[in-house]
Amino acid sequence: MGRALIATDVPGCRDVVVHERNGLLVPRADARALAAAMIRLGENHVSIAVMGAAARADIEARFDEQRVIDNTLATYQLLYSDNARIAPETPSR
């Protein structure tokens, strides 16, 4: 969407938001920090535009549809080959 992000500084969120690049990270359970981040972006339209453009570029680069498909297929292939190596032999009757 090309929007600057505000997220909690926890695993998962910090994988997407790079503080001061494509958005702002705030400490977990810190309402004051969240409010300050919202005010900061609300008052600075240049930061919103710059961070928003960076957010879009980051997501397009990291989560491009073909890249996600390729990564998913590679993961399945790895899991399949690992399971094939460790699968127990079928007992003969």
# chains A, B, ... in the order shown; residues from 1 in each chain; ligands from 1

call {"tool": "residues_around", "arguments": {"residues": "segment 45-47 of chain A", "least_positions_apart": "4", "cutoff": "10 Å", "atoms": "only C-alpha atoms", "output": "ChimeraX atom specification"}}
result
/A:4,20-23,40-41,51-53

call {"tool": "residues_around", "arguments": {"residues": "Val18 of chain A", "least_positions_apart": "2", "cutoff": "10 Å", "atoms": "only C-alpha atoms", "output": "list of chain:residue names"}}
result
A:Leu5, A:Ile6, A:Ala7, A:Asp9, A:Cys13, A:Arg14, A:Asp15, A:Val16, A:Glu20, A:Arg21, A:Asn22, A:Gly23, A:Leu24, A:Leu25, A:Met51, A:Ala54, A:Ala55, A:Asp58

call {"tool": "write_last_selection", "arguments": {"atoms": "N, CA and C atoms", "output": "compact mmCIF listing (two decimals), in the first residue's frame"}}
result
# COMPACT_ATOMS: atom_id res chain seq x y z
N LEU A 5 4.76 2.43 8.38
CA LEU A 5 4.24 1.47 9.34
C LEU A 5 4.60 1.87 10.77
N ILE A 6 3.73 1.53 11.68
CA ILE A 6 4.03 1.61 13.11
C ILE A 6 3.73 0.24 13.66
N ALA A 7 4.73 -0.36 14.31
CA ALA A 7 4.56 -1.71 14.82
C ALA A 7 5.28 -1.86 16.15
N ASP A 9 7.88 -3.52 18.63
CA ASP A 9 9.22 -4.05 18.46
C ASP A 9 9.32 -5.46 19.06
N CYS A 13 7.14 -8.61 13.76
CA CYS A 13 6.95 -7.21 13.35
C CYS A 13 8.28 -6.60 12.94
N ARG A 14 9.33 -6.86 13.71
CA ARG A 14 10.63 -6.26 13.37
C ARG A 14 11.26 -6.92 12.16
N ASP A 15 10.70 -8.04 11.71
CA ASP A 15 11.15 -8.64 10.46
C ASP A 15 10.66 -7.84 9.26
N VAL A 16 9.59 -7.11 9.45
CA VAL A 16 9.00 -6.33 8.36
C VAL A 16 9.34 -4.85 8.49
N GLU A 20 12.83 3.65 11.38
CA GLU A 20 13.29 4.87 10.70
C GLU A 20 13.48 4.68 9.20
N ARG A 21 13.33 3.48 8.67
CA ARG A 21 13.44 3.29 7.22
C ARG A 21 12.05 3.22 6.58
N ASN A 22 11.27 2.23 7.01
CA ASN A 22 9.94 2.07 6.42
C ASN A 22 8.84 2.24 7.45
N GLY A 23 9.22 2.65 8.63
CA GLY A 23 8.23 2.87 9.68
C GLY A 23 8.90 3.07 11.02
N LEU A 24 8.10 2.94 12.05
CA LEU A 24 8.59 3.14 13.41
C LEU A 24 8.24 1.92 14.25
N LEU A 25 9.19 1.51 15.07
CA LEU A 25 8.95 0.43 16.02
C LEU A 25 8.80 1.05 17.40
N MET A 51 8.96 7.02 4.14
CA MET A 51 8.85 5.69 4.75
C MET A 51 7.85 4.82 4.00
N ALA A 54 9.55 3.46 0.95
CA ALA A 54 10.50 2.41 1.36
C ALA A 54 9.76 1.13 1.75
N ALA A 55 8.63 1.28 2.43
CA ALA A 55 7.85 0.11 2.84
C ALA A 55 7.39 -0.68 1.61
N ASP A 58 10.41 -2.41 -0.02
CA ASP A 58 10.85 -3.56 0.78
C ASP A 58 9.94 -4.76 0.59

call {"tool": "atom_distance", "arguments": {"atom1": "atom CA of Val10 of chain A", "atom2": "atom CA of Leu78 of chain A"}}
result
28.7 Å

call {"tool": "residues_around", "arguments": {"residues": "segment 59-66 of chain A", "least_positions_apart": "2", "cutoff": "10 Å", "atoms": "only C-alpha atoms", "output": "ChimeraX atom specification"}}
result
/A:1-2,16-17,22,54-57,68-72

call {"tool": "write_last_selection", "arguments": {"atoms": "N, CA and C atoms", "output": "short mmCIF file (atom, residue, chain, number, x, y, z; two decimals), in the first residue's frame"}}
result
data_model
loop_
_atom_site.label_atom_id
_atom_site.label_comp_id
_atom_site.auth_asym_id
_atom_site.auth_seq_id
_atom_site.Cartn_x
_atom_site.Cartn_y
_atom_site.Cartn_z
N MET A 1 0.82 -1.20 0.00
CA MET A 1 0.00 0.00 0.00
C MET A 1 0.86 1.26 0.00
N GLY A 2 2.14 1.12 0.23
CA GLY A 2 3.00 2.30 0.24
C GLY A 2 2.77 3.18 1.44
N VAL A 16 9.59 -7.11 9.45
CA VAL A 16 9.00 -6.33 8.36
C VAL A 16 9.34 -4.85 8.49
N VAL A 17 9.27 -4.32 9.69
CA VAL A 17 9.51 -2.89 9.90
C VAL A 17 10.95 -2.66 10.31
N ASN A 22 11.27 2.23 7.01
CA ASN A 22 9.94 2.07 6.42
C ASN A 22 8.84 2.24 7.45
N ALA A 54 9.55 3.46 0.95
CA ALA A 54 10.50 2.41 1.36
C ALA A 54 9.76 1.13 1.75
N ALA A 55 8.63 1.28 2.43
CA ALA A 55 7.85 0.11 2.84
C ALA A 55 7.39 -0.68 1.61
N ARG A 56 6.89 0.02 0.62
CA ARG A 56 6.43 -0.65 -0.60
C ARG A 56 7.59 -1.36 -1.30
N ALA A 57 8.72 -0.66 -1.42
CA ALA A 57 9.88 -1.25 -2.09
C ALA A 57 10.37 -2.49 -1.34
N VAL A 68 7.91 -15.82 -3.43
CA VAL A 68 7.20 -16.60 -2.41
C VAL A 68 6.90 -18.00 -2.92
N ILE A 69 6.47 -18.11 -4.15
CA ILE A 69 6.20 -19.43 -4.75
C ILE A 69 7.48 -20.26 -4.79
N ASP A 70 8.58 -19.66 -5.26
CA ASP A 70 9.84 -20.38 -5.34
C ASP A 70 10.31 -20.84 -3.96
N ASN A 71 10.20 -19.97 -2.96
CA ASN A 71 10.61 -20.34 -1.60
C ASN A 71 9.74 -21.46 -1.03
N THR A 72 8.44 -21.40 -1.30
CA THR A 72 7.53 -22.43 -0.82
C THR A 72 7.86 -23.77 -1.46
#

call {"tool": "atom_distance", "arguments": {"atom1": "atom CA of Asp82 of chain A", "atom2": "atom CA of Pro11 of chain A"}}
result
27.7 Å

call {"tool": "select_by_dssp", "arguments": {"residues": "chain A", "states": "strand (DSSP E)", "output": "PyMOL selection string"}}
result
chain A and resi 5-8+23-26

call {"tool": "write_last_selection", "arguments": {"atoms": "C-alpha atoms", "output": "CSV table (one decimal), in the first residue's frame"}}
result
chain,number,residue,atom,x,y,z
A,5,LEU,CA,4.2,1.5,9.3
A,6,ILE,CA,4.0,1.6,13.1
A,7,ALA,CA,4.6,-1.7,14.8
A,8,THR,CA,5.5,-3.2,18.1
A,23,GLY,CA,8.2,2.9,9.7
A,24,LEU,CA,8.6,3.1,13.4
A,25,LEU,CA,9.0,0.4,16.0
A,26,VAL,CA,7.6,1.0,19.5

call {"tool": "select_by_dssp", "arguments": {"residues": "chain A", "states": "helix (DSSP H, G or I)", "output": "JSON, numbers by chain"}}
result
{"A": [13, 14, 15, 16, 31, 32, 33, 34, 35, 36, 37, 38, 39, 40, 41, 42, 43, 45, 46, 47, 48, 49, 50, 51, 52, 53, 54, 55, 56, 57, 58, 59, 60, 61, 62, 65, 66, 67, 68, 69, 70, 71, 72, 73, 74, 75, 76, 77, 78, 79, 80, 81, 82, 83, 84, 85, 86]}

call {"tool": "atom_distance", "arguments": {"atom1": "atom CA of Ala49 of chain A", "atom2": "atom CA of Arg67 of chain A"}}
result
26.2 Å
